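Note: the block below is data_1.csv and it holds CSV, C-alpha atoms.
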```csv
chain,number,residue,atom,x,y,z
A,1,THR,CA,-77.1,-70.7,-10.6
A,2,VAL,CA,-73.7,-69.9,-9.2
A,3,ASP,CA,-71.1,-72.7,-9.0
A,4,SER,CA,-69.0,-73.0,-5.9
A,5,THR,CA,-65.7,-72.5,-7.7
A,6,SER,CA,-64.4,-69.9,-5.2
A,7,MET,CA,-64.1,-69.8,-1.4
A,8,VAL,CA,-64.7,-66.8,0.7
A,9,ALA,CA,-62.1,-66.4,3.4
A,10,SER,CA,-62.3,-64.4,6.6
A,11,TYR,CA,-59.4,-61.9,7.0
A,12,GLU,CA,-57.7,-64.0,9.6
A,13,GLN,CA,-57.8,-67.0,7.2
A,14,GLY,CA,-56.6,-64.8,4.4
A,15,ARG,CA,-53.5,-63.6,6.3
A,16,THR,CA,-52.7,-67.1,7.3
A,17,LEU,CA,-52.9,-68.3,3.7
A,18,VAL,CA,-50.6,-65.5,2.5
A,19,LYS,CA,-47.9,-66.1,5.1
A,20,LYS,CA,-47.6,-69.7,3.9
A,21,GLN,CA,-46.6,-68.6,0.4
A,22,LYS,CA,-43.1,-68.3,-1.0
A,23,LEU,CA,-43.7,-66.4,-4.3
A,24,ALA,CA,-46.4,-63.7,-4.9
A,25,SER,CA,-47.4,-61.3,-7.6
A,26,VAL,CA,-50.1,-58.6,-7.9
A,27,MET,CA,-52.2,-57.6,-10.9
A,28,PRO,CA,-54.8,-54.9,-11.5
A,29,CYS,CA,-58.4,-56.1,-10.8
A,30,VAL,CA,-59.8,-57.3,-14.0
A,31,CYS,CA,-63.4,-56.5,-12.8
A,32,ARG,CA,-62.6,-52.9,-12.0
A,33,LYS,CA,-60.7,-52.6,-15.3
A,34,GLN,CA,-63.8,-53.9,-17.1
A,35,MET,CA,-65.9,-51.2,-15.4
A,36,GLU,CA,-63.5,-48.5,-16.5
A,37,HIS,CA,-64.1,-49.5,-20.1
A,38,LEU,CA,-67.8,-48.9,-19.4
A,39,ASP,CA,-66.9,-45.4,-17.9
A,40,ILE,CA,-67.8,-46.6,-14.4
A,41,ILE,CA,-65.0,-45.7,-12.0
A,42,CYS,CA,-64.8,-47.6,-8.7
A,43,ASP,CA,-63.2,-45.8,-5.8
A,44,LYS,CA,-61.8,-49.1,-4.3
A,45,PRO,CA,-58.1,-49.9,-4.7
A,46,HIS,CA,-57.4,-51.3,-8.2
A,47,GLU,CA,-54.1,-53.3,-7.9
A,48,THR,CA,-55.5,-56.0,-5.7
A,49,CYS,CA,-55.5,-59.4,-7.6
A,50,LEU,CA,-52.9,-61.6,-5.8
A,51,THR,CA,-51.4,-64.8,-7.3
A,52,PHE,CA,-49.1,-67.3,-5.7
A,53,GLY,CA,-46.8,-70.1,-6.6
A,54,ILE,CA,-47.1,-71.4,-10.1
A,55,ALA,CA,-49.8,-68.8,-10.9
A,56,ALA,CA,-47.4,-66.0,-9.8
A,57,GLU,CA,-44.6,-67.4,-11.9
A,58,ILE,CA,-46.9,-67.3,-15.0
A,59,SER,CA,-48.2,-63.8,-14.3
A,60,ILE,CA,-44.7,-62.4,-13.8
A,61,ASP,CA,-43.3,-64.3,-16.8
A,62,LYS,CA,-46.2,-63.1,-19.1
A,63,GLY,CA,-46.0,-59.5,-17.8
A,64,TYR,CA,-49.6,-59.6,-16.4
A,65,GLY,CA,-48.5,-58.9,-12.8
A,66,ARG,CA,-45.4,-57.7,-10.9
A,67,LYS,CA,-43.5,-59.6,-8.3
A,68,ILE,CA,-44.0,-58.6,-4.7
A,69,THR,CA,-42.7,-59.8,-1.4
A,70,ILE,CA,-44.9,-61.8,1.0
A,71,ALA,CA,-44.8,-58.8,3.4
A,72,GLU,CA,-46.2,-56.6,0.6
A,73,ALA,CA,-48.9,-59.2,-0.1
A,74,SER,CA,-49.9,-59.1,3.5
A,75,GLY,CA,-50.0,-55.3,3.4
A,76,LEU,CA,-52.4,-55.5,0.4
A,77,ILE,CA,-54.6,-57.8,2.5
A,78,ASP,CA,-54.7,-55.1,5.2
A,79,GLN,CA,-55.5,-52.4,2.6
A,80,ALA,CA,-58.3,-54.5,1.3
A,81,GLU,CA,-59.8,-54.9,4.7
A,82,LYS,CA,-59.8,-51.2,5.3
A,83,ALA,CA,-61.4,-50.7,1.9
A,84,GLY,CA,-64.2,-53.2,2.7
A,85,LEU,CA,-63.2,-55.8,0.0
A,86,VAL,CA,-64.3,-59.5,0.2
A,87,LEU,CA,-61.5,-62.0,-0.1
A,88,MET,CA,-62.3,-64.7,-2.7
A,89,THR,CA,-59.7,-67.4,-2.9
A,90,THR,CA,-59.1,-70.6,-4.8
A,91,ASN,CA,-61.5,-73.2,-3.4
A,92,ALA,CA,-58.6,-75.4,-2.4
A,93,GLN,CA,-56.2,-76.0,0.4
A,94,GLU,CA,-53.3,-75.1,-1.9
A,95,ILE,CA,-54.4,-71.7,-3.2
A,96,VAL,CA,-53.1,-70.0,-6.3
A,97,ASN,CA,-54.9,-66.7,-6.0
A,98,ILE,CA,-56.8,-64.3,-3.7
A,99,CYS,CA,-59.1,-61.7,-5.3
A,100,CYS,CA,-60.1,-58.7,-3.3
A,101,CYS,CA,-63.7,-58.0,-4.5
A,102,CYS,CA,-66.2,-55.3,-4.3
A,103,GLY,CA,-70.0,-55.8,-4.7
A,104,CYS,CA,-70.2,-53.1,-7.4
A,105,CYS,CA,-67.7,-54.6,-9.9
A,106,CYS,CA,-67.1,-58.3,-9.1
A,107,GLY,CA,-69.0,-60.6,-11.3
A,108,MET,CA,-69.2,-63.3,-8.7
A,109,LEU,CA,-70.5,-61.0,-6.0
A,110,GLN,CA,-73.0,-59.5,-8.4
A,111,LEU,CA,-74.4,-62.9,-9.2
A,112,LEU,CA,-74.5,-63.8,-5.5
A,113,LYS,CA,-76.4,-60.7,-4.6
A,114,ALA,CA,-79.0,-61.6,-7.3
A,115,VAL,CA,-79.9,-64.9,-5.7
A,116,GLU,CA,-82.2,-65.4,-2.7
A,117,ARG,CA,-79.7,-67.6,-0.7
A,118,PRO,CA,-76.1,-66.6,-1.5
A,119,ALA,CA,-74.8,-68.7,1.4
A,120,ASP,CA,-75.9,-71.9,-0.5
A,121,HIS,CA,-73.6,-71.1,-3.4
A,122,ILE,CA,-70.3,-70.3,-1.7
A,123,HIS,CA,-67.9,-72.2,0.4
A,124,SER,CA,-67.2,-70.5,3.8
A,125,ALA,CA,-66.7,-72.0,7.2
A,126,PHE,CA,-68.2,-69.0,9.1
A,127,GLN,CA,-71.2,-66.7,9.4
A,128,ALA,CA,-71.6,-63.4,11.2
A,129,LYS,CA,-73.6,-63.1,14.4
A,130,ILE,CA,-74.7,-59.9,16.1
A,131,GLU,CA,-75.2,-59.7,19.8
A,132,SER,CA,-78.2,-57.3,20.0
A,133,SER,CA,-77.6,-56.3,23.6
A,134,SER,CA,-74.1,-54.9,22.6
A,135,CYS,CA,-75.2,-53.4,19.3
A,136,LYS,CA,-75.6,-49.6,19.2
A,137,GLN,CA,-77.2,-49.5,15.7
A,138,CYS,CA,-74.3,-47.3,14.3
A,139,LYS,CA,-75.0,-49.0,10.9
A,140,ILE,CA,-71.4,-49.2,9.9
A,141,CYS,CA,-71.9,-52.9,9.2
A,142,LEU,CA,-74.7,-52.0,6.7
A,143,ASP,CA,-72.2,-50.1,4.6
A,144,ARG,CA,-69.5,-52.7,4.9
A,145,CYS,CA,-71.6,-55.7,3.9
A,146,GLN,CA,-71.1,-56.3,0.1
A,147,ILE,CA,-73.9,-59.0,-0.1
A,148,LYS,CA,-76.8,-57.2,1.7
A,149,ALA,CA,-76.8,-59.8,4.5
A,150,ILE,CA,-77.4,-57.4,7.3
A,151,MET,CA,-80.8,-55.8,8.0
A,152,ASN,CA,-81.9,-52.9,10.1
A,153,ASN,CA,-85.1,-54.4,11.6
A,154,GLU,CA,-86.8,-51.8,13.8
A,155,ASN,CA,-83.5,-50.4,15.0
A,156,ILE,CA,-82.1,-53.9,15.7
A,157,MET,CA,-79.3,-55.0,13.4
A,158,GLU,CA,-79.8,-58.6,12.3
A,159,VAL,CA,-77.8,-61.1,10.1
A,160,ASN,CA,-79.7,-63.0,7.4
A,161,ASN,CA,-78.0,-66.4,7.5
A,162,ASP,CA,-79.3,-67.3,4.1
A,163,ARG,CA,-77.3,-64.4,2.6
A,164,CYS,CA,-74.2,-64.1,4.8
A,165,ILE,CA,-71.1,-65.5,3.1
A,166,GLY,CA,-68.9,-65.2,6.1
A,167,CYS,CA,-66.3,-62.6,4.8
A,168,GLY,CA,-66.0,-60.9,8.2
A,169,LEU,CA,-66.0,-57.3,6.9
A,170,CYS,CA,-68.6,-56.4,9.5
A,171,VAL,CA,-66.6,-57.6,12.4
A,172,SER,CA,-63.4,-55.6,12.2
A,173,THR,CA,-65.1,-52.2,12.2
A,174,CYS,CA,-67.8,-52.8,14.8
A,175,PRO,CA,-67.1,-50.2,17.6
A,176,THR,CA,-68.8,-52.2,20.3
A,177,GLU,CA,-67.5,-55.6,19.2
A,178,ALA,CA,-71.1,-56.8,19.0
A,179,ILE,CA,-70.4,-58.9,15.9
A,180,SER,CA,-68.5,-62.2,15.9
A,181,MET,CA,-67.8,-64.9,13.4
A,182,VAL,CA,-69.5,-68.2,14.2
A,183,ALA,CA,-68.5,-71.6,12.7
A,184,LYS,CA,-71.2,-73.3,10.6
A,185,ASP,CA,-72.5,-76.6,11.8
A,186,TYR,CA,-71.4,-78.3,8.6
A,187,THR,CA,-69.1,-77.4,5.7
A,188,GLU,CA,-68.0,-79.6,2.8
A,189,PRO,CA,-64.3,-80.7,2.8
A,190,VAL,CA,-62.1,-78.2,1.0
A,191,PRO,CA,-60.4,-79.8,-2.1
A,192,ARG,CA,-56.6,-80.3,-1.9
A,193,ASN,CA,-55.8,-78.3,-5.0
A,194,TYR,CA,-57.4,-76.6,-8.1
A,195,VAL,CA,-57.6,-79.7,-10.2
A,196,ASP,CA,-59.0,-81.7,-7.3
A,197,MET,CA,-61.8,-79.1,-7.1
A,198,LEU,CA,-62.5,-79.3,-10.9
A,199,THR,CA,-62.6,-83.1,-11.0
A,200,SER,CA,-64.8,-83.2,-7.8
A,201,ILE,CA,-67.3,-80.9,-9.5
A,202,ALA,CA,-67.2,-83.0,-12.6
A,203,ASN,CA,-67.7,-86.2,-10.6
A,204,LYS,CA,-70.8,-84.7,-8.8
A,205,ARG,CA,-72.3,-83.7,-12.2
A,206,GLY,CA,-71.7,-87.1,-13.7
A,207,PHE,CA,-69.0,-86.0,-16.2
A,208,GLY,CA,-66.3,-88.5,-17.2
A,209,TYR,CA,-63.5,-86.2,-16.2
A,210,GLY,CA,-64.6,-86.7,-12.6
A,211,LYS,CA,-63.3,-90.3,-12.8
A,212,LEU,CA,-59.8,-88.8,-12.4
A,213,ASN,CA,-60.7,-87.3,-9.0
A,214,THR,CA,-58.9,-89.9,-6.9
A,215,ILE,CA,-55.7,-89.2,-8.8
A,216,MET,CA,-56.2,-85.4,-8.6
A,217,LYS,CA,-56.4,-85.5,-4.9
A,218,VAL,CA,-52.7,-86.3,-4.7
A,219,PHE,CA,-51.8,-84.4,-7.9
A,220,ASN,CA,-48.9,-81.9,-7.7
A,221,LEU,CA,-50.3,-78.8,-9.5
A,222,ASN,CA,-47.0,-77.0,-10.0
A,223,LEU,CA,-45.3,-80.1,-11.5
A,224,ALA,CA,-48.3,-80.8,-13.8
A,225,ILE,CA,-48.3,-77.3,-15.2
A,226,LYS,CA,-44.6,-77.3,-15.8
A,227,MET,CA,-44.8,-80.6,-17.6
A,228,LEU,CA,-47.6,-79.7,-19.9
A,229,PRO,CA,-45.4,-78.1,-22.6
A,230,PHE,CA,-43.1,-81.2,-22.7
A,231,PHE,CA,-46.2,-83.4,-22.8
A,232,TYR,CA,-47.5,-81.7,-26.0
A,233,LEU,CA,-44.1,-81.2,-27.6
A,234,SER,CA,-43.4,-84.9,-27.3
A,235,GLY,CA,-46.5,-85.6,-29.5
A,236,LEU,CA,-48.3,-87.5,-26.6
A,237,GLY,CA,-50.9,-84.9,-26.0
A,238,LYS,CA,-53.3,-85.6,-28.9
A,239,PRO,CA,-53.5,-89.4,-28.6
A,240,VAL,CA,-53.9,-89.3,-24.9
A,241,VAL,CA,-56.7,-86.8,-25.1
A,242,ASN,CA,-58.3,-88.8,-27.9
A,243,GLN,CA,-58.2,-91.9,-25.7
A,244,MET,CA,-59.7,-90.1,-22.8
A,245,SER,CA,-62.5,-88.9,-25.1
A,246,ARG,CA,-63.2,-92.4,-26.2
A,247,TRP,CA,-63.5,-93.4,-22.5
A,248,GLY,CA,-65.9,-90.5,-22.0
A,249,TRP,CA,-63.5,-88.7,-19.6
A,250,VAL,CA,-63.3,-85.5,-21.5
```
Can you dump the structure from the file as structure tokens?
Amino acid sequence: TVDSTSMVASYEQGRTLVKKQKLASVMPCVCRKQMEHLDIICDKPHETCLTFGIAAEISIDKGYGRKITIAEASGLIDQAEKAGLVLMTTNAQEIVNICCCCGCCCGMLQLLKAVERPADHIHSAFQAKIESSSCKQCKICLDRCQIKAIMNNENIMEVNNDRCIGCGLCVSTCPTEAISMVAKDYTEPVPRNYVDMLTSIANKRGFGYGKLNTIMKVFNLNLAIKMLPFFYLSGLGKPVVNQMSRWGWV
């Protein structure tokens, strides 16, 4: 099974999320780097992993990524759309990263392609819809779709809603504008931040850590990460974790 730990964003959503950020960095795509070690060279852009806020601070400080302006980050989003890459973001309202993924290298997309109903395993508010009367069967969308959700059915292009993850790659290059993004009837609420997402998943699975979910919904992620070193240096880390373990929270 594939856990819904990422959210697919349409490109309009992606651009909006980037413009809200104050600090950004970019790193080489770890998935394409992995494929290079296997002597498989992907022709997609390689410097495409975007991080923001506290995650950008860490990547810059550790030398994993380089600092870029918000305008440069927006330019990389435009580049990713032209290259046909799927935007995979933190499944939270307060994002810390956007990965620009291809179906040939990304581990998440490879797993999604392997299941019968990828749409069940990913959080996305939209799905593609093709207006058959406007479609000229140019088949550009077939090449753009990274998840094999578009079918050529007797010269009529159709979207398999069980497979469509709502990335919107098929929309921007349709010459007749026959494809549109349609809002789903129901989508689960998006967690406020990364730790809210983790505790929410733990809560649904019956793990003790999920009992912290109410707190995590109002948790300040940046402050928490910055305070962790002081928490452990003070000697409080081990006894607090031990107590949480006794309660069955961790």
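Taking all atoms listed in the file into account, those protein, DNA and RNA residues with any atom at most 12 Å away from (-72.6, -55.4, 23.8) amount to A:Ile130, A:Glu131, A:Ser132, A:Ser133, A:Ser134, A:Cys135, A:Lys136, A:Gln137, A:Cys174, A:Pro175, A:Thr176, A:Glu177, A:Ala178, A:Ile179, A:Ser180.
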Pick the closest to Cys101 (chain A) from A:Cys29, A:Gly166, A:Val195, A:Lys148: which is it, counting all atoms listed in the file? A:Cys29
Find, counting only C-alpha atoms, the residue in A:Lys22, A:Lys139, A:Lys113, A:Lys33 that gets nearest to Ala56 (chain A). A:Lys22
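Note that the spacing between CA of Pro118 (chain A) and CA of Gly210 (chain A) amounts to 25.7 Å.
If you measure from each of A:Cys167, A:Cys104, A:Ala202, A:Tyr186 to Ile40 (chain A) using only C-alpha atoms, the closest one turns out to be A:Cys104.
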Give me, as a ChimeraX atom specification, all polymer residues having an atom no more than 9 Å from region 61-66 of chain A, counting all atoms listed in the file and skipping those fewer than 5 positions away in the same chain. /A:24-28,49-51,56
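Note that CA of Leu221 (chain A) and CA of Met244 (chain A) are 19.8 Å apart.
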